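Visitor: Before anything else, here's the structure in question.
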Amino acid sequence: MEYIDFLKSKVSEEKESGFSVEESRLNNKLFDFQRACVAFFLRKGRAAAFEDCGLGKTAQQLCWADEVCRHTGGDVLILAPLAVSKQTQKEGVKFGYDVHICRSQADVLPGINITNYEMLDAFEPDRFVGVVLDESSILKSYMGATKMKIIKAFRDTPYKLAATATPSPNDHMEILNQAEFLGVMKSSEALAVWFINDSSHSGAYRLKNHAVKDFWQWVSTWAVCMSRPSDIGFSDEGFDLPELIEKDIVIPVNIYDTDGGSLFRKIDTSATGFHKEKKLTAEDRAKKCAEIVSRTDEQYVIWCNTDYEADYLKHYIPEATEVRGSHKAEYKEKSAMDFIEGKHRILISKPRIFGYGLNFQNCRNCIFCGMDYSYENYYQAVRRFWRFGQTRDVNVFRVLGETEQYILDAVNKKSRLQDEMHRNMYNSVKQIQQASLRGHKFEIKTDNRQISLPEWI
């Protein structure tokens with residue numbers, strides 16, 4: 001019995017720090033599955049929404065924030081990627097919520113407030129009863145300064161909601177960082193329970209083979225993991241994705257050594273050295289992009305990774321609106337909203353600027369003027385267009401130099417890992433998640449355990 005008591009002391013109980021709300025009382029403009037999710041988030045108090053693009057995370061987080069404000073009489077702060085604030089405010093009007101865009105604590109009004117992550121230092125986190133991290137994948141880095149700052153700033157905030165699409169394919173650390181932000185469990189403790197060092201990648205971790213199901217079941221006690229409504233027991237009617245058409249256009253590259261030192265020149269496609277190769281084809285890639293956008297009068301977003309690519313693109317497509325990191329936040333936000341409203345036909349920018357959080361369903365065409373090794377940037381950039389609610393097939397043109405094939409292969413491999421992660425996650429949590437949404441708690445039972453010993457002992 002002493003050993004049983006010891007085991008009981010080690011059991012981590014599922015704790016709820018929120019409050020209960022009848023789903024039927026929540027905003028009637030939400031779908032049934034969205035109301036179920038919001039009720040779950042409110043009951044938990046501190047929860048995460050890992051939902052694919054187009055499932056209505058913005059509407060859910062606004063409903064959650066409004067209920068927290070009503071219940072506590074306090075204010076909620078939403079932290080969002082650059083240029084997302086105005087779109088969230090517009091979504092608030094659609095669902096009947098006042099959303100105040102703020103640049104500092106002095107701008108805060110009673111109720112729901114939103115700002116960009118870059119503005120966090122201008123606010124007093126202890127003045128808010130609730131916080132929402134829109135596109136909480138910003139917590140991706142295990143020891144990153146941004147992650148540490150956000151966790152420290154809101155460590156004592158009573159109500160927290162982290163919202164993002166399904167986390168990165170081969171980086172479970174992102175999920176652990178979400179758990180630490182929410183106060184569920186420290187990343188280091190979760191690593192010790194479910195993970196081991198990945199001998200094939202220095203400094204990386206992987207799930208223990210026998211722990212896959214247990215890990216995802218633990219995640220489902222504090223998060224909703226959903227690629228479509230049927231994952232949590234609801235109908236998928238109206239949530240069908242159109243076709244995604246990916247077209248690769250390869251620009252020839254001279255691989256011969258023109259200096260005469262050898263027959264073939266050295267080609268560096270490493271993550272740190274591939275820019276030399278990209279520069280060889282930058283102008284030709286920009287010309288090809290200009291040719292593609294001239295074929296129709298439809299809208300296009302052209303994604304690039306460097307300023308020299310943007311310079312070539314702007315040169316060959318002078319009528320395009322170009323947004324880069326050095327531009328002021330106000331210009332970035334206005335450019336994004338003008339494109340959404342159809343005032344601009346062609347937008348040139350980088351995935352790290354406009355690839356997260358925004359809804360570009362008004363457009364069905366995007367072009368990658370070259371690519372880098374970040375699958376997450378590619379996935380998120382494509383999902384600005386290819387998401388639930390998009391009614392037209394989406395065209396993705398990938399314009400690459402011949403020697404950039406290695407980059408594309410790496411991205412495709414990570415895509416397969418993403419699919420594998422999805423299967424593991426949804427197969428593990430589907431049943432337990434549906435029960436969890438309805439208030440069922442999961443615990444390890446240690447009572448009434450019996451063991452039979454062999455007769456020879």
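Identifiers in the structure tokens: chain A, B, ... in order shown; residue index from 1 per chain; ligand index from 1 in order shown.
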So that I can see what lies close to Ile245 (chain A), please list as a list in words the residues with an atom at most 10 Å from it, counting only C-alpha atoms and leaving out residues fewer than 4 positions away in the same chain.

Guide: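 Listing them by chain and then by number gives Asn365, Asp393, Val394, Asn395, Val396 and Phe397 of chain A.
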
Visitor: So that I can check the surroundings of Ala106 (chain A), please list as a ChimeraX atom specification every protein, DNA and RNA residue that reaches within 10 Å of it, counting only C-alpha atoms and ignoring chain neighbours fewer than 2 positions away.

Guide: /A:102-104,108-109,122-124

Visitor: Could the residues in this selection be saved with C-alpha atoms as an mmCIF file, in the first residue's frame?

Guide:
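Okay, this is what ended up in out.cif:
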data_model
loop_
_atom_site.group_PDB
_atom_site.id
_atom_site.type_symbol
_atom_site.label_atom_id
_atom_site.label_comp_id
_atom_site.auth_asym_id
_atom_site.auth_seq_id
_atom_site.Cartn_x
_atom_site.Cartn_y
_atom_site.Cartn_z
ATOM 1 C CA CYS A 102 -3.960 49.251 -29.457
ATOM 2 C CA ARG A 103 -0.367 50.410 -29.767
ATOM 3 C CA SER A 104 0.281 50.794 -26.031
ATOM 4 C CA VAL A 108 -6.572 49.987 -23.918
ATOM 5 C CA LEU A 109 -10.347 50.190 -23.562
ATOM 6 C CA ALA A 122 4.402 48.775 -24.487
ATOM 7 C CA PHE A 123 1.806 46.926 -22.367
ATOM 8 C CA GLU A 124 1.372 45.933 -18.728
#

Visitor: Using only C-alpha atoms, which of the listed residues (A:Gln89, A:Ile150, A:Ala80, A:Leu437) sits closest to Tyr356 (chain A)?

Guide: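 The shortest atom-to-atom distance to Tyr356 (chain A) comes from A:Ala80.
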
Visitor: Write down as a ChimeraX atom specification the residues belonging to region 232-438 of chain A that are assigned strand (DSSP E) by DSSP computed on the backbone.

Guide: /A:244-251,300-303,321-322,346-349,365-369,394-401

Visitor: I need the residues of region 16-181 of chain A that end up classed as alpha helix (DSSP H) by DSSP on the backbone, written out as a PyMOL selection string.

Guide: chain A and resi 32-44+57-72+85-95+145-153+173-181

Visitor: Which polymer residues have any atom within 6 Å of an atom of Cys366 (chain A), counting only C-alpha atoms, with same-chain residues fewer than 5 positions away left out, as a ChimeraX atom specification?

Guide: /A:300-302,396
